[in-house]
file data_18.txt (compact mmCIF, C-alpha atoms)
# COMPACT_ATOMS: atom_id res chain seq x y z
CA MET A 117 3.75 24.66 4.86
CA LYS A 118 4.60 23.09 1.50
CA VAL A 119 1.71 21.14 -0.04
CA PRO A 120 1.29 19.13 -3.26
CA GLN A 121 0.43 21.04 -6.40
CA GLY A 122 -3.17 21.36 -7.55
CA TYR A 123 -5.00 21.11 -4.21
CA GLU A 124 -7.00 23.66 -2.23
CA PHE A 125 -8.06 23.20 1.41
CA ASN A 126 -10.39 24.79 3.91
CA GLY A 127 -12.06 24.21 7.24
CA ILE A 128 -14.83 26.21 8.92
CA SER A 129 -17.43 25.98 11.66
CA CYS A 130 -20.92 25.12 10.43
CA GLY A 131 -22.51 24.68 13.86
CA ILE A 132 -22.28 20.94 14.45
CA LYS A 133 -19.85 21.60 17.31
CA LYS A 134 -19.90 24.66 19.53
CA ARG A 135 -17.37 27.30 18.51
CA LYS A 136 -15.05 24.81 16.77
CA LYS A 137 -14.26 24.01 13.16
CA ASP A 138 -16.30 21.01 12.06
CA LEU A 139 -16.50 21.05 8.26
CA GLY A 140 -13.54 20.58 5.94
CA ILE A 141 -12.97 20.33 2.21
CA VAL A 142 -10.17 19.47 -0.19
CA ILE A 143 -10.52 20.33 -3.89
CA SER A 144 -8.26 19.00 -6.62
CA LYS A 145 -8.05 21.35 -9.58
CA GLN A 146 -7.97 18.34 -11.89
CA SER A 147 -9.36 14.83 -11.71
CA ALA A 148 -7.40 12.59 -9.34
CA THR A 149 -6.93 8.85 -9.15
CA VAL A 150 -8.24 7.67 -5.77
CA ALA A 151 -7.84 4.52 -3.69
CA GLY A 152 -9.19 3.84 -0.22
CA VAL A 153 -9.28 1.56 2.80
CA PHE A 154 -12.33 1.48 5.05
CA THR A 155 -13.52 0.09 8.36
CA THR A 156 -14.05 -3.66 8.53
CA ASN A 157 -16.86 -3.10 11.03
CA GLU A 158 -20.05 -4.75 9.74
CA TYR A 159 -22.10 -1.73 10.84
CA LYS A 160 -20.89 1.17 8.73
CA SER A 161 -21.62 4.89 8.68
CA ASN A 162 -23.78 6.09 5.79
CA SER A 163 -20.91 8.35 4.76
CA VAL A 164 -18.64 5.30 4.49
CA LEU A 165 -21.24 3.44 2.43
CA LEU A 166 -21.65 6.31 -0.03
CA CYS A 167 -17.89 6.88 -0.25
CA GLN A 168 -17.35 3.19 -0.99
CA HIS A 169 -19.95 3.41 -3.74
CA TYR A 170 -18.51 6.53 -5.39
CA ILE A 171 -14.89 5.41 -5.14
CA LYS A 172 -15.64 2.52 -7.51
CA ASN A 173 -15.25 5.11 -10.28
CA SER A 174 -11.55 5.38 -9.30
CA ARG A 175 -11.56 9.17 -9.94
CA ALA A 176 -12.55 12.13 -7.77
CA ARG A 177 -12.15 15.88 -7.49
CA VAL A 178 -13.38 16.71 -3.99
CA LEU A 179 -13.30 15.43 -0.43
CA ILE A 180 -15.86 16.79 2.05
CA VAL A 181 -15.49 15.87 5.75
CA ASN A 182 -17.53 16.75 8.83
CA SER A 183 -16.74 16.14 12.48
CA GLY A 184 -19.10 16.05 15.46
CA ASN A 185 -21.57 13.61 13.90
CA ALA A 186 -20.81 10.11 12.56
CA ASN A 187 -23.86 9.90 10.26
CA CYS A 188 -24.41 6.39 11.59
CA ALA A 189 -27.53 4.54 12.74
CA ASN A 190 -29.71 7.00 10.83
CA GLY A 191 -31.02 4.53 8.26
CA GLU A 192 -31.90 5.63 4.73
CA ASN A 193 -32.22 9.26 5.87
CA GLY A 194 -28.51 9.38 6.65
CA TYR A 195 -27.55 7.93 3.27
CA GLN A 196 -29.79 10.35 1.41
CA ALA A 197 -28.36 13.25 3.43
CA ALA A 198 -24.83 12.28 2.38
CA GLU A 199 -26.00 12.10 -1.24
CA LYS A 200 -27.55 15.58 -1.01
CA ILE A 201 -24.34 17.06 0.37
CA CYS A 202 -22.22 15.54 -2.40
CA ALA A 203 -24.73 16.67 -5.02
CA GLN A 204 -24.68 20.24 -3.73
CA VAL A 205 -20.87 20.34 -3.77
CA ALA A 206 -20.94 18.94 -7.31
CA ARG A 207 -23.42 21.59 -8.49
CA THR A 208 -21.36 24.37 -6.96
CA LEU A 209 -18.19 23.18 -8.72
CA ASN A 210 -19.91 21.96 -11.89
CA ILE A 211 -18.67 18.39 -11.57
CA LYS A 212 -20.32 14.96 -11.28
CA ASN A 213 -21.82 13.82 -7.97
CA GLU A 214 -19.60 10.75 -7.88
CA GLU A 215 -16.51 12.96 -8.09
CA VAL A 216 -17.25 14.10 -4.52
CA LEU A 217 -16.19 11.75 -1.71
CA ILE A 218 -17.50 12.16 1.81
CA ALA A 219 -16.34 11.17 5.31
CA SER A 220 -17.80 11.79 8.77
CA THR A 221 -16.64 11.39 12.35
CA GLY A 222 -18.25 12.02 15.71
CA ILE A 223 -21.16 10.77 17.80
CA ILE A 224 -23.07 7.71 16.59
CA GLY A 225 -26.86 7.69 16.60
CA GLU A 226 -27.69 11.40 16.47
CA PRO A 227 -29.65 12.89 13.52
CA PHE A 228 -27.28 14.01 10.79
CA PRO A 229 -27.32 17.85 10.48
CA GLU A 230 -27.33 17.98 6.68
CA ASN A 231 -28.87 21.46 6.55
CA LYS A 232 -26.07 22.98 8.64
CA ILE A 233 -23.57 21.50 6.21
CA ILE A 234 -25.40 22.38 3.00
CA THR A 235 -26.05 26.01 3.97
CA ASN A 236 -22.33 26.52 4.65
CA LEU A 237 -20.95 24.86 1.51
CA LYS A 238 -20.61 28.03 -0.57
CA LYS A 239 -18.72 29.72 2.25
CA LEU A 240 -16.50 26.66 2.61
CA ILE A 241 -15.72 26.40 -1.10
CA SER A 242 -15.39 30.08 -1.97
CA VAL A 243 -12.43 30.74 0.31
CA ALA A 244 -10.59 27.42 -0.09
CA GLY A 245 -6.89 27.92 -0.69
CA HIS A 246 -3.52 26.24 -1.16
CA ASN A 247 -2.33 27.43 2.25
CA LYS A 248 -5.27 26.27 4.41
CA VAL A 249 -4.19 22.73 5.30
CA MET A 250 -4.23 23.54 9.02
CA ASP A 251 -7.84 24.74 8.80
CA PHE A 252 -8.82 21.44 7.18
CA ALA A 253 -6.84 19.43 9.76
CA ARG A 254 -8.56 21.21 12.65
CA ALA A 255 -12.01 20.77 11.10
CA ILE A 256 -11.78 16.96 11.14
CA MET A 257 -10.66 16.65 14.79
CA THR A 258 -12.86 15.18 17.52
CA THR A 259 -11.16 14.39 20.85
CA ASP A 260 -7.73 15.01 19.32
CA THR A 261 -5.64 17.55 21.23
CA TYR A 262 -3.76 18.72 18.14
CA PRO A 263 -3.98 18.48 14.32
CA LYS A 264 -2.01 15.63 12.75
CA ILE A 265 -0.10 16.40 9.54
CA ALA A 266 2.90 14.69 7.92
CA ALA A 267 4.63 14.91 4.54
CA ARG A 268 7.41 13.45 2.39
CA ASN A 269 9.14 14.79 -0.72
CA LEU A 270 9.89 12.30 -3.50
CA ASN A 271 13.36 12.26 -5.08
CA CYS A 272 11.74 11.64 -8.46
CA GLY A 273 9.61 14.76 -8.04
CA GLY A 274 6.36 15.62 -6.33
CA MET A 275 5.36 14.98 -2.74
CA ILE A 276 2.86 13.28 -0.43
CA LEU A 277 0.89 15.11 2.26
CA GLY A 278 -1.09 13.30 4.94
CA VAL A 279 -3.74 14.61 7.35
CA ALA A 280 -5.36 12.41 10.00
CA LYS A 281 -7.52 12.48 13.09
CA GLY A 282 -7.83 9.92 15.86
CA ALA A 283 -7.40 9.59 19.61
CA GLY A 284 -10.07 7.18 20.82
CA MET A 285 -11.74 4.04 19.47
CA ILE A 286 -8.43 2.87 18.00
CA ALA A 287 -8.15 -0.80 17.11
CA PRO A 288 -6.26 -2.84 14.52
CA GLU A 289 -7.91 -3.97 11.27
CA MET A 290 -7.90 -0.49 9.80
CA ALA A 291 -7.20 1.48 12.94
CA THR A 292 -10.11 3.70 13.88
CA THR A 293 -9.47 7.06 12.35
CA LEU A 294 -9.86 9.31 9.36
CA CYS A 295 -6.75 9.71 7.24
CA PHE A 296 -6.31 11.46 3.90
CA LEU A 297 -3.28 11.46 1.62
CA PHE A 298 -2.72 13.87 -1.25
CA THR A 299 0.01 13.59 -3.86
CA ASP A 300 0.68 15.49 -7.06
CA VAL A 301 2.22 12.56 -8.95
CA GLY A 302 0.42 10.32 -11.42
CA ILE A 303 0.04 6.61 -10.67
CA ASN A 304 -2.01 3.66 -11.91
CA ARG A 305 -5.02 3.03 -9.68
CA ASN A 306 -4.27 -0.67 -9.14
CA VAL A 307 -0.70 0.14 -8.16
CA LEU A 308 -1.87 2.90 -5.84
CA SER A 309 -4.38 0.61 -4.16
CA SER A 310 -1.80 -2.15 -3.66
CA VAL A 311 0.81 0.23 -2.26
CA LEU A 312 -1.73 1.85 0.05
CA ARG A 313 -2.94 -1.44 1.53
CA GLN A 314 0.61 -2.66 2.11
CA ALA A 315 1.51 0.61 3.83
CA VAL A 316 -1.63 0.55 5.99
CA ASP A 317 -0.86 -2.99 7.15
CA ILE A 318 2.48 -2.00 8.68
CA THR A 319 1.35 1.36 10.09
CA PHE A 320 -2.31 2.04 10.89
CA ASN A 321 -3.03 -1.64 11.47
CA ARG A 322 -0.25 -1.71 14.08
CA ILE A 323 -1.77 0.75 16.55
CA SER A 324 -4.28 0.21 19.33
CA VAL A 325 -5.58 2.50 22.05
CA ASP A 326 -8.64 0.71 23.38
CA GLU A 327 -9.42 -2.15 20.96
CA GLU A 328 -12.70 -0.44 20.07
CA GLN A 329 -13.38 -0.40 16.34
CA SER A 330 -15.31 2.44 14.74
CA THR A 331 -18.08 2.45 12.17
CA ASN A 332 -16.40 5.33 10.30
CA ASP A 333 -12.78 4.40 9.47
CA THR A 334 -11.83 5.98 6.16
CA LEU A 335 -8.40 6.29 4.57
CA LEU A 336 -8.19 7.83 1.10
CA CYS A 337 -5.30 8.66 -1.19
CA PHE A 338 -5.67 11.19 -4.03
CA ALA A 339 -3.11 11.36 -6.87
CA ASN A 340 -3.81 14.23 -9.31
CA SER A 341 -0.73 14.20 -11.62
CA ALA A 342 -0.35 17.98 -11.20
CA CYS A 343 3.45 17.95 -10.96
CA GLY A 344 3.85 15.94 -14.18
CA VAL A 345 5.76 13.04 -12.59
CA LYS A 346 4.53 9.49 -13.26
CA ILE A 347 5.17 6.63 -10.87
CA ASP A 348 5.62 4.04 -13.62
CA THR A 349 8.86 2.14 -12.91
CA SER A 350 9.78 -0.34 -10.19
CA ARG A 351 12.31 2.12 -8.75
CA LYS A 352 9.73 4.92 -8.53
CA ILE A 353 7.08 2.58 -7.09
CA THR A 354 9.52 1.46 -4.39
CA GLU A 355 10.30 5.07 -3.50
CA PHE A 356 6.61 5.99 -3.51
CA LYS A 357 5.74 3.07 -1.24
CA LYS A 358 8.50 4.02 1.20
CA ALA A 359 7.28 7.63 1.27
CA ILE A 360 3.63 6.68 1.85
CA SER A 361 4.65 4.25 4.60
CA GLY A 362 6.70 7.03 6.20
CA VAL A 363 3.81 9.49 6.17
CA LEU A 364 1.40 6.90 7.57
CA GLN A 365 3.89 5.83 10.24
CA ASP A 366 4.28 9.44 11.38
CA LEU A 367 0.51 9.90 11.53
CA ALA A 368 -0.08 6.56 13.27
CA TYR A 369 2.48 7.44 15.93
CA MET A 370 0.82 10.82 16.47
CA ILE A 371 -2.54 9.10 16.94
CA VAL A 372 -1.17 6.74 19.58
CA SER A 373 0.74 9.50 21.38
CA ASP A 374 -2.49 11.53 21.43
CA GLY A 375 -4.57 8.56 22.59
CA GLU A 376 -7.40 9.48 24.90
CA GLY A 377 -6.02 9.81 28.42
CA ALA A 378 -2.68 8.27 27.44
CA THR A 379 0.37 9.00 29.57
CA LYS A 380 2.64 6.44 27.87
CA ILE A 381 3.19 4.84 24.47
CA ILE A 382 3.93 1.13 24.53
CA LYS A 383 5.61 -0.80 21.73
CA ILE A 384 4.84 -4.50 21.96
CA MET A 385 7.18 -6.78 20.01
CA VAL A 386 6.62 -10.53 19.72
CA LYS A 387 9.72 -12.26 18.36
CA ARG A 388 10.61 -15.69 17.00
CA ALA A 389 7.09 -17.06 16.86
CA LYS A 390 6.26 -20.23 14.96
CA ASN A 391 4.23 -18.18 12.48
CA SER A 392 3.06 -14.60 12.00
CA ASN A 393 -0.51 -15.43 13.04
CA ILE A 394 0.62 -16.51 16.51
CA ALA A 395 2.88 -13.47 16.86
CA GLU A 396 0.06 -11.11 15.93
CA LYS A 397 -2.49 -12.75 18.23
CA ILE A 398 -0.16 -12.45 21.23
CA ALA A 399 0.75 -8.83 20.52
CA ARG A 400 -2.90 -7.84 20.14
CA ARG A 401 -3.97 -9.75 23.24
CA ILE A 402 -1.41 -7.93 25.37
CA ALA A 403 -2.28 -4.58 23.80
CA GLY A 404 -5.95 -5.15 24.61
CA SER A 405 -5.43 -6.23 28.21
CA VAL A 406 -7.01 -3.69 30.56
CA LEU A 407 -4.98 -5.12 33.44
CA PHE A 408 -1.67 -4.78 31.58
CA LYS A 409 -2.44 -1.24 30.38
CA SER A 410 -3.49 -0.21 33.89
CA SER A 411 -0.26 -1.56 35.35
CA ILE A 412 1.76 0.54 32.91
CA TYR A 413 -0.19 3.65 33.90
CA GLY A 414 0.54 2.94 37.56
CA ASN A 415 4.26 2.27 36.89
CA SER A 416 3.68 -1.18 38.34
CA PRO A 417 6.25 -3.82 37.30
CA ASN A 418 3.58 -6.51 37.08
CA TRP A 419 4.62 -8.75 34.19
CA GLY A 420 2.20 -11.35 35.48
CA ARG A 421 -0.37 -9.46 33.41
CA ILE A 422 1.62 -10.31 30.29
CA ILE A 423 2.06 -13.97 31.22
CA SER A 424 -1.66 -14.44 31.92
CA ALA A 425 -2.65 -12.64 28.72
CA ILE A 426 -0.43 -14.94 26.65
CA GLY A 427 -1.74 -18.05 28.38
CA SER A 428 -5.37 -17.03 27.90
CA LEU A 429 -4.99 -17.52 24.15
CA ARG A 430 -4.35 -21.26 24.57
CA LEU A 431 -2.00 -21.38 21.58
CA GLY A 432 0.08 -24.26 22.87
CA ILE A 433 3.32 -22.28 22.99
CA GLY A 434 4.33 -23.71 26.35
CA GLU A 435 6.22 -21.85 29.07
CA GLU A 436 9.61 -21.53 27.42
CA PHE A 437 9.38 -17.86 26.51
CA ASP A 438 11.14 -14.74 27.72
CA VAL A 439 9.73 -11.29 28.51
CA TYR A 440 11.62 -8.00 28.48
CA TYR A 441 10.82 -4.49 29.72
CA GLY A 442 13.14 -2.35 27.66
CA ARG A 443 16.42 -4.28 27.54
CA GLU A 444 15.84 -5.92 30.90
CA LYS A 445 14.75 -9.56 30.94
CA VAL A 446 12.05 -10.12 33.57
CA VAL A 447 10.85 -13.61 32.62
CA THR A 448 13.12 -16.41 31.45
CA ASN A 449 11.62 -19.63 30.15
CA GLY A 450 8.35 -18.74 31.84
CA ILE A 451 9.95 -18.10 35.25
CA SER A 452 9.66 -14.65 36.83
CA LEU A 453 12.83 -12.80 37.80
CA TYR A 454 11.02 -11.03 40.64
CA LYS A 455 14.14 -9.33 42.07
CA LYS A 456 14.13 -6.95 39.09
CA ARG A 457 10.89 -5.26 40.11
CA GLY A 458 12.66 -2.21 41.55
CA LYS A 459 14.69 -1.65 38.40
CA ILE A 460 11.62 -2.03 36.17
CA LYS A 461 9.56 0.34 38.30
CA LYS A 462 12.20 3.02 37.74
CA TYR A 463 12.20 2.25 33.99
CA LEU A 464 8.44 2.80 33.89
CA GLU A 465 8.63 5.99 35.94
CA ASP A 466 11.42 7.51 33.83
CA ASN A 467 10.13 6.81 30.30
CA PHE A 468 7.22 7.94 28.12
CA GLU A 469 7.91 5.23 25.53
CA ILE A 470 7.88 1.71 26.95
CA ASP A 471 9.20 -1.33 25.06
CA ILE A 472 7.76 -4.75 25.85
CA THR A 473 9.27 -7.77 24.09
CA VAL A 474 8.06 -11.36 24.18
CA ASP A 475 10.58 -13.83 22.77
CA LEU A 476 8.86 -17.14 22.00
CA LYS A 477 12.01 -18.88 20.70
CA LYS A 478 9.94 -21.09 18.42
CA GLY A 479 10.56 -19.77 14.91
CA ARG A 480 11.30 -16.69 12.79
CA ALA A 481 8.04 -14.73 12.71
CA ASP A 482 7.95 -11.28 14.33
CA TYR A 483 5.10 -8.82 14.88
CA PHE A 484 4.89 -5.42 16.56
CA LEU A 485 2.27 -2.83 17.36
CA TYR A 486 1.92 0.36 19.40
CA THR A 487 -0.59 0.90 22.17
CA THR A 488 -1.12 3.15 25.18
CA ASP A 489 -1.64 2.82 28.90
CA LEU A 490 -5.10 3.19 30.45
CA SER A 491 -5.72 6.16 32.72
CA PRO A 492 -8.70 7.65 34.62
CA GLU A 493 -8.75 10.42 32.00
CA TYR A 494 -9.77 7.86 29.36
CA VAL A 495 -12.80 6.94 31.47
CA ARG A 496 -13.68 10.60 31.98
CA LEU A 497 -13.51 11.36 28.24
CA ASN A 498 -15.69 8.40 27.34
CA SER A 499 -18.27 8.69 30.09

call {"tool": "encode", "arguments": {"input": "data_18.txt", "output": "structure tokens"}}
result
Amino acid sequence: MKVPQGYEFNGISCGIKKRKKDLGIVISKQSATVAGVFTTNEYKSNSVLLCQHYIKNSRARVLIVNSGNANCANGENGYQAAEKICAQVARTLNIKNEEVLIASTGIIGEPFPENKIITNLKKLISVAGHNKVMDFARAIMTTDTYPKIAARNLNCGGMILGVAKGAGMIAPEMATTLCFLFTDVGINRNVLSSVLRQAVDITFNRISVDEEQSTNDTLLCFANSACGVKIDTSRKITEFKKAISGVLQDLAYMIVSDGEGATKIIKIMVKRAKNSNIAEKIARRIAGSVLFKSSIYGNSPNWGRIISAIGSLRLGIGEEFDVYYGREKVVTNGISLYKKRGKIKKYLEDNFEIDITVDLKKGRADYFLYTTDLSPEYVRLNS
């Protein structure tokens, strides 16, 4: 697998999870510009809080990630544990503490196993290598069924590599996940931050599995300049933004398709709304409807779930809207075309990807997002 220049990866088992990799590291051979996006949840993991503090320096050399424990609801002990881990990594590599960023994922409310991590750091660091991306990707997984990796080459030179994890607790507003991007180009930090946030808004913020937001969402992008290419013109910035959006879109789609218990992916498109706020509210309300998601799992052509979800928002849009399953119109001006139930049932039975469109016919604003159905397997995994 081709990876950006100047990065080394590794992933090992340190004993947080039984017989599975649970500790990963990425080391940049030279200082990298870093930008990040974090959970908007008011209750944040200690690892998120420390990462947010260190990232204010705008430069970093190392990313350390554990899975199996969220380092959340542990009070000051959890924060100090994260500090100790970063400090030990820094001592081992002879760099500053704040050049080490940390992320965690896993169960909330259990004591953070800092000693298991610290005692395995030398082993983790000593055998890190350019060709160990898959080891890192597996080390950050929780309920994921496969590692999620995507990449893009830049025409101007250099490349972007993305690694993510996520399958449950996926909700818009920085979709619940860990995601890390690594590029070997050089770019101004303000430009990188702006591009990253714009890309996140149209990718990771457009997926939903269960509308449950995590305490641990972390998305970081490292740019270490190792290939010698600078993203310093409008043409290069446009290309870079397109590439980052492409990587994030690939990863976001993988996360939805791997959603806990999911048997279908659903794309919800709200068209011709009066404004983007209305379009987004309707799309998210449908995506979060347990009744709608259950009907998709059961291949039930019950578009009444969509109609009631829209009406529950009390947005004053009236009844003059249309609803489509795939290309088939099932509601016209708020009136159900019930004779199409047989055709829609077959559409649901025959397809893994389901398209739902709501045409409000009130303006020019559109909004889309991806979600999943709701199956008994989701309940089993989360019980």

call {"tool": "atom_distance", "arguments": {"input": "data_18.txt", "atom1": "CA of Phe468 (chain A)", "atom2": "CA of Thr379 (chain A)"}}
result
7.1 Å

call {"tool": "closest_residue", "arguments": {"input": "data_18.txt", "among": "A:Asn182, A:Thr331, A:Gln314, A:Thr258", "to": "Pro229 (chain A)", "atoms": "all atoms listed in the file"}}
result
A:Asn182

call {"tool": "closest_residue", "arguments": {"input": "data_18.txt", "among": "A:Gly140, A:Pro492, A:Gly152, A:Gly282", "to": "Glu124 (chain A)", "atoms": "all atoms listed in the file"}}
result
A:Gly140

call {"tool": "closest_residue", "arguments": {"input": "data_18.txt", "among": "A:Ile412, A:Pro417, A:Ala267, A:Cys295", "to": "Ile360 (chain A)", "atoms": "only C-alpha atoms"}}
result
A:Ala267

call {"tool": "residues_around", "arguments": {"input": "data_18.txt", "residues": "Asn269 (chain A)", "least_positions_apart": "6", "cutoff": "8 Å", "atoms": "all atoms listed in the file", "output": "count of residues only"}}
result
3

call {"tool": "closest_residue", "arguments": {"input": "data_18.txt", "among": "A:Arg322, A:Lys160, A:Lys248, A:Lys137", "to": "Leu364 (chain A)", "atoms": "all atoms listed in the file"}}
result
A:Arg322

call {"tool": "atom_distance", "arguments": {"input": "data_18.txt", "atom1": "CA of Arg175 (chain A)", "atom2": "CA of Ser147 (chain A)"}}
result
6.3 Å

call {"tool": "residues_around", "arguments": {"input": "data_18.txt", "residues": "region 214-219 of chain A", "least_positions_apart": "5", "cutoff": "9 Å", "atoms": "only C-alpha atoms", "output": "JSON, numbers by chain"}}
result
{"A": [147, 161, 163, 164, 166, 167, 168, 169, 170, 171, 173, 175, 176, 177, 178, 179, 180, 181, 182, 183, 186, 198, 201, 202, 203, 205, 206, 294, 332, 333, 334]}

call {"tool": "write_last_selection", "arguments": {"input": "data_18.txt", "atoms": "C-alpha atoms", "output": "compact mmCIF listing (two decimals), in the frame of the given file"}}
result
# COMPACT_ATOMS: atom_id res chain seq x y z
CA SER A 147 -9.36 14.83 -11.71
CA SER A 161 -21.62 4.89 8.68
CA SER A 163 -20.91 8.35 4.76
CA VAL A 164 -18.64 5.30 4.49
CA LEU A 166 -21.65 6.31 -0.03
CA CYS A 167 -17.89 6.88 -0.25
CA GLN A 168 -17.35 3.19 -0.99
CA HIS A 169 -19.95 3.41 -3.74
CA TYR A 170 -18.51 6.53 -5.39
CA ILE A 171 -14.89 5.41 -5.14
CA ASN A 173 -15.25 5.11 -10.28
CA ARG A 175 -11.56 9.17 -9.94
CA ALA A 176 -12.55 12.13 -7.77
CA ARG A 177 -12.15 15.88 -7.49
CA VAL A 178 -13.38 16.71 -3.99
CA LEU A 179 -13.30 15.43 -0.43
CA ILE A 180 -15.86 16.79 2.05
CA VAL A 181 -15.49 15.87 5.75
CA ASN A 182 -17.53 16.75 8.83
CA SER A 183 -16.74 16.14 12.48
CA ALA A 186 -20.81 10.11 12.56
CA ALA A 198 -24.83 12.28 2.38
CA ILE A 201 -24.34 17.06 0.37
CA CYS A 202 -22.22 15.54 -2.40
CA ALA A 203 -24.73 16.67 -5.02
CA VAL A 205 -20.87 20.34 -3.77
CA ALA A 206 -20.94 18.94 -7.31
CA LEU A 294 -9.86 9.31 9.36
CA ASN A 332 -16.40 5.33 10.30
CA ASP A 333 -12.78 4.40 9.47
CA THR A 334 -11.83 5.98 6.16

call {"tool": "residues_around", "arguments": {"input": "data_18.txt", "residues": "Ile426 (chain A)", "least_positions_apart": "6", "cutoff": "12 Å", "atoms": "all atoms listed in the file", "output": "PDB file with C-alpha atoms, keeping the file's coordinate frame"}}
result
ATOM      1  CA  VAL A 386       6.620 -10.530  19.720  1.00  0.00           C
ATOM      2  CA  ILE A 394       0.620 -16.510  16.510  1.00  0.00           C
ATOM      3  CA  ALA A 395       2.880 -13.470  16.860  1.00  0.00           C
ATOM      4  CA  GLU A 396       0.060 -11.110  15.930  1.00  0.00           C
ATOM      5  CA  LYS A 397      -2.490 -12.750  18.230  1.00  0.00           C
ATOM      6  CA  ILE A 398      -0.160 -12.450  21.230  1.00  0.00           C
ATOM      7  CA  ALA A 399       0.750  -8.830  20.520  1.00  0.00           C
ATOM      8  CA  ARG A 400      -2.900  -7.840  20.140  1.00  0.00           C
ATOM      9  CA  ARG A 401      -3.970  -9.750  23.240  1.00  0.00           C
ATOM     10  CA  ILE A 402      -1.410  -7.930  25.370  1.00  0.00           C
ATOM     11  CA  ALA A 403      -2.280  -4.580  23.800  1.00  0.00           C
ATOM     12  CA  GLY A 404      -5.950  -5.150  24.610  1.00  0.00           C
ATOM     13  CA  SER A 405      -5.430  -6.230  28.210  1.00  0.00           C
ATOM     14  CA  PHE A 408      -1.670  -4.780  31.580  1.00  0.00           C
ATOM     15  CA  TRP A 419       4.620  -8.750  34.190  1.00  0.00           C
ATOM     16  CA  GLY A 420       2.200 -11.350  35.480  1.00  0.00           C
ATOM     17  CA  GLY A 432       0.080 -24.260  22.870  1.00  0.00           C
ATOM     18  CA  ILE A 433       3.320 -22.280  22.990  1.00  0.00           C
ATOM     19  CA  GLY A 434       4.330 -23.710  26.350  1.00  0.00           C
ATOM     20  CA  GLU A 435       6.220 -21.850  29.070  1.00  0.00           C
ATOM     21  CA  PHE A 437       9.380 -17.860  26.510  1.00  0.00           C
ATOM     22  CA  ASP A 438      11.140 -14.740  27.720  1.00  0.00           C
ATOM     23  CA  VAL A 439       9.730 -11.290  28.510  1.00  0.00           C
ATOM     24  CA  GLY A 450       8.350 -18.740  31.840  1.00  0.00           C
ATOM     25  CA  VAL A 474       8.060 -11.360  24.180  1.00  0.00           C
ATOM     26  CA  ASP A 475      10.580 -13.830  22.770  1.00  0.00           C
ATOM     27  CA  LEU A 476       8.860 -17.140  22.000  1.00  0.00           C
TER      28      LEU A 476
END

call {"tool": "closest_residue", "arguments": {"input": "data_18.txt", "among": "A:Ser174, A:Thr488, A:Ser428, A:Asn162", "to": "Asn306 (chain A)", "atoms": "all atoms listed in the file"}}
result
A:Ser174

call {"tool": "closest_residue", "arguments": {"input": "data_18.txt", "among": "A:Lys172, A:Lys145, A:Lys134, A:Arg207", "to": "Arg305 (chain A)", "atoms": "only C-alpha atoms"}}
result
A:Lys172

call {"tool": "atom_distance", "arguments": {"input": "data_18.txt", "atom1": "CA of Ile241 (chain A)", "atom2": "CA of Glu199 (chain A)"}}
result
17.6 Å

call {"tool": "residues_around", "arguments": {"input": "data_18.txt", "residues": "Glu230 (chain A)", "least_positions_apart": "2", "cutoff": "8 Å", "atoms": "all atoms listed in the file", "output": "VMD selection string"}}
result
chain A and resid 197 to 198 201 228 232 to 234

call {"tool": "residues_near_point", "arguments": {"input": "data_18.txt", "point": "(-10.4, 6.1, -0.3)", "cutoff": "6 Å", "atoms": "all atoms listed in the file", "output": "PyMOL selection string"}}
result
chain A and resi 151-153+335-337

call {"tool": "residues_around", "arguments": {"input": "data_18.txt", "residues": "Ile256 (chain A)", "least_positions_apart": "4", "cutoff": "12 Å", "atoms": "all atoms listed in the file", "output": "CSV table (one decimal) with C-alpha atoms, keeping the file's coordinate frame"}}
result
chain,number,residue,atom,x,y,z
A,126,ASN,CA,-10.4,24.8,3.9
A,127,GLY,CA,-12.1,24.2,7.2
A,128,ILE,CA,-14.8,26.2,8.9
A,129,SER,CA,-17.4,26.0,11.7
A,132,ILE,CA,-22.3,20.9,14.4
A,133,LYS,CA,-19.8,21.6,17.3
A,136,LYS,CA,-15.0,24.8,16.8
A,137,LYS,CA,-14.3,24.0,13.2
A,138,ASP,CA,-16.3,21.0,12.1
A,139,LEU,CA,-16.5,21.0,8.3
A,140,GLY,CA,-13.5,20.6,5.9
A,141,ILE,CA,-13.0,20.3,2.2
A,142,VAL,CA,-10.2,19.5,-0.2
A,179,LEU,CA,-13.3,15.4,-0.4
A,180,ILE,CA,-15.9,16.8,2.0
A,181,VAL,CA,-15.5,15.9,5.8
A,182,ASN,CA,-17.5,16.8,8.8
A,183,SER,CA,-16.7,16.1,12.5
A,184,GLY,CA,-19.1,16.0,15.5
A,185,ASN,CA,-21.6,13.6,13.9
A,186,ALA,CA,-20.8,10.1,12.6
A,218,ILE,CA,-17.5,12.2,1.8
A,219,ALA,CA,-16.3,11.2,5.3
A,220,SER,CA,-17.8,11.8,8.8
A,221,THR,CA,-16.6,11.4,12.4
A,222,GLY,CA,-18.2,12.0,15.7
A,249,VAL,CA,-4.2,22.7,5.3
A,250,MET,CA,-4.2,23.5,9.0
A,251,ASP,CA,-7.8,24.7,8.8
A,252,PHE,CA,-8.8,21.4,7.2
A,260,ASP,CA,-7.7,15.0,19.3
A,261,THR,CA,-5.6,17.6,21.2
A,262,TYR,CA,-3.8,18.7,18.1
A,263,PRO,CA,-4.0,18.5,14.3
A,264,LYS,CA,-2.0,15.6,12.8
A,265,ILE,CA,-0.1,16.4,9.5
A,279,VAL,CA,-3.7,14.6,7.4
A,280,ALA,CA,-5.4,12.4,10.0
A,281,LYS,CA,-7.5,12.5,13.1
A,282,GLY,CA,-7.8,9.9,15.9
A,293,THR,CA,-9.5,7.1,12.4
A,294,LEU,CA,-9.9,9.3,9.4
A,295,CYS,CA,-6.8,9.7,7.2
A,296,PHE,CA,-6.3,11.5,3.9
